[in-house]
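A.B. asks: Pasting a structure below so you can have a look.
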2 protein chains.
Amino acid sequence: MTVTPQTRPNSQEQLLTPGEVATLFRVDPKTVTRWATAGRIGSIRTPGGHRRFRESEVKTLLAELTNDVSHTA
Amino acid sequence: MTVTPQTRPNSQEQLLTPGEVATLFRVDPKTVTRWATAGRIGSIRTPGGHRRFRESEVKTLLAELTNDVSHTA
DNA sequence: TCAGATTAGGGTAATTGGGGAT
DNA sequence: GGTGTCCCAATTACCCTAATCT
């Protein structure tokens, strides 16, 4: 039991670690880092320099891939 | 100048526990403590030695470390 | 005062960042 | 052009017990 939604003074976004995102996409964590560096995905840095990713954004991006996106902008 | 509107921590400031800050950054509470020790984030100690963090400072820090993707089609 | 949950403190493993080469 | 793997250094996560907070 760890599902106790507390700490929501203003509806914060759920964040994911690079490893978690990498697992979702079936890629190497380094690749996720490259996506962030290339600006293809938004990222939040910890004061220590590690990255965190928005779960909603990741899910959206994941859904687009599943739906065969015509990424021709 | 006699009064500074909002530019100073006057009296009441919403304080957050290490656990709450940890949730916002998606890190371990111990990591937040480490940030305080390293001086990366300001902290207030309770008489018992526990740490409390200013909500405004945490929010500001979180905002500054956020890199949003401006994919404004 | 009691009870439950959180935090501090120290120590050790795992993850991550950055660069560079394949 | 994009991805996976190598290196090393830094940051973070999990282990424990005792003290503090609510």
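Residue names in the structure tokens use chain letters A, B, ... in the order shown, residue numbers from 1 in each chain, and ligand numbers from 1 in the order shown.
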Could you list, as a ChimeraX atom specification, every residue of chain B that has an atom within 12 Å of an atom of chain A, counting only C-alpha atoms?

C.D. replies: /B:14-28,31-36,38-41,55-56,58-59,61-73

A.B. asks: Tell me as a VMD selection string which residues belonging to chain C come within 12 Å of chain B, counting only C-alpha atoms (C1' of nucleotides).

C.D. replies: chain C and resid 5 to 10

A.B. asks: Using only C-alpha atoms (C1' of nucleotides) and a distance of at most 8 Å, pull out the residues of chain D that contact chain A, as a list in words.

C.D. replies: DT3, DG4 and DT11 of chain D

A.B. asks: Report the distance between atom C1' of C:DG18 and atom CA of A:Glu57 in Å, rounded to one decimal place.

C.D. replies: 24.9 Å

A.B. asks: Could you please write out, as a JSON list (two decimals) with N, CA and C atoms, in the first residue's frame, every residue of stretch 3-54 of chain A that DSSP assigns to alpha helix (DSSP H)?

C.D. replies:
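Writing the result to selection-v7.json gives the following:
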```
[["chain", "number", "residue", "atom", "x", "y", "z"],
["A", 18, "PRO", "N", 14.12, 8.58, -15.74],
["A", 18, "PRO", "CA", 14.59, 8.16, -17.07],
["A", 18, "PRO", "C", 14.46, 6.66, -17.27],
["A", 19, "GLY", "N", 14.75, 5.90, -16.24],
["A", 19, "GLY", "CA", 14.67, 4.45, -16.35],
["A", 19, "GLY", "C", 13.25, 3.97, -16.59],
["A", 20, "GLU", "N", 12.30, 4.62, -15.94],
["A", 20, "GLU", "CA", 10.90, 4.24, -16.12],
["A", 20, "GLU", "C", 10.43, 4.55, -17.54],
["A", 21, "VAL", "N", 10.82, 5.73, -18.02],
["A", 21, "VAL", "CA", 10.45, 6.12, -19.38],
["A", 21, "VAL", "C", 11.09, 5.18, -20.39],
["A", 22, "ALA", "N", 12.33, 4.82, -20.11],
["A", 22, "ALA", "CA", 13.05, 3.91, -21.01],
["A", 22, "ALA", "C", 12.34, 2.56, -21.08],
["A", 23, "THR", "N", 11.83, 2.12, -19.95],
["A", 23, "THR", "CA", 11.11, 0.85, -19.92],
["A", 23, "THR", "C", 9.82, 0.93, -20.74],
["A", 24, "LEU", "N", 9.15, 2.04, -20.62],
["A", 24, "LEU", "CA", 7.88, 2.21, -21.36],
["A", 24, "LEU", "C", 8.11, 2.18, -22.87],
["A", 25, "PHE", "N", 9.21, 2.78, -23.29],
["A", 25, "PHE", "CA", 9.48, 2.87, -24.72],
["A", 25, "PHE", "C", 10.35, 1.72, -25.23],
["A", 29, "PRO", "N", 18.00, 4.00, -21.45],
["A", 29, "PRO", "CA", 17.85, 5.28, -20.74],
["A", 29, "PRO", "C", 18.63, 6.42, -21.40],
["A", 30, "LYS", "N", 19.74, 6.08, -22.00],
["A", 30, "LYS", "CA", 20.53, 7.10, -22.70],
["A", 30, "LYS", "C", 19.74, 7.72, -23.84],
["A", 31, "THR", "N", 18.95, 6.91, -24.46],
["A", 31, "THR", "CA", 18.13, 7.41, -25.56],
["A", 31, "THR", "C", 17.10, 8.41, -25.07],
["A", 32, "VAL", "N", 16.53, 8.11, -23.93],
["A", 32, "VAL", "CA", 15.57, 9.05, -23.34],
["A", 32, "VAL", "C", 16.26, 10.37, -23.03],
["A", 33, "THR", "N", 17.46, 10.27, -22.55],
["A", 33, "THR", "CA", 18.24, 11.48, -22.28],
["A", 33, "THR", "C", 18.48, 12.27, -23.56],
["A", 34, "ARG", "N", 18.75, 11.55, -24.63],
["A", 34, "ARG", "CA", 18.97, 12.24, -25.90],
["A", 34, "ARG", "C", 17.70, 12.93, -26.38],
["A", 35, "TRP", "N", 16.57, 12.31, -26.15],
["A", 35, "TRP", "CA", 15.31, 12.94, -26.53],
["A", 35, "TRP", "C", 15.14, 14.26, -25.78],
["A", 36, "ALA", "N", 15.47, 14.21, -24.52],
["A", 36, "ALA", "CA", 15.34, 15.42, -23.71],
["A", 36, "ALA", "C", 16.31, 16.50, -24.19],
["A", 37, "THR", "N", 17.53, 16.08, -24.50],
["A", 37, "THR", "CA", 18.54, 17.03, -24.99],
["A", 37, "THR", "C", 18.13, 17.63, -26.32],
["A", 38, "ALA", "N", 17.52, 16.80, -27.14],
["A", 38, "ALA", "CA", 17.10, 17.27, -28.47],
["A", 38, "ALA", "C", 15.82, 18.10, -28.39]]
```

A.B. asks: Using atom C1' of D:DC6 and atom C1' of C:DG20 as the two end points, give the distance in Å to one decimal.

C.D. replies: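 Atom C1' of D:DC6 sits 9.0 Å away from atom C1' of C:DG20.
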
A.B. asks: Which value, in Å to one decimal, gives the distance between atom C1' of C:DA14 and atom C1' of D:DC16?

C.D. replies: 17.8 Å
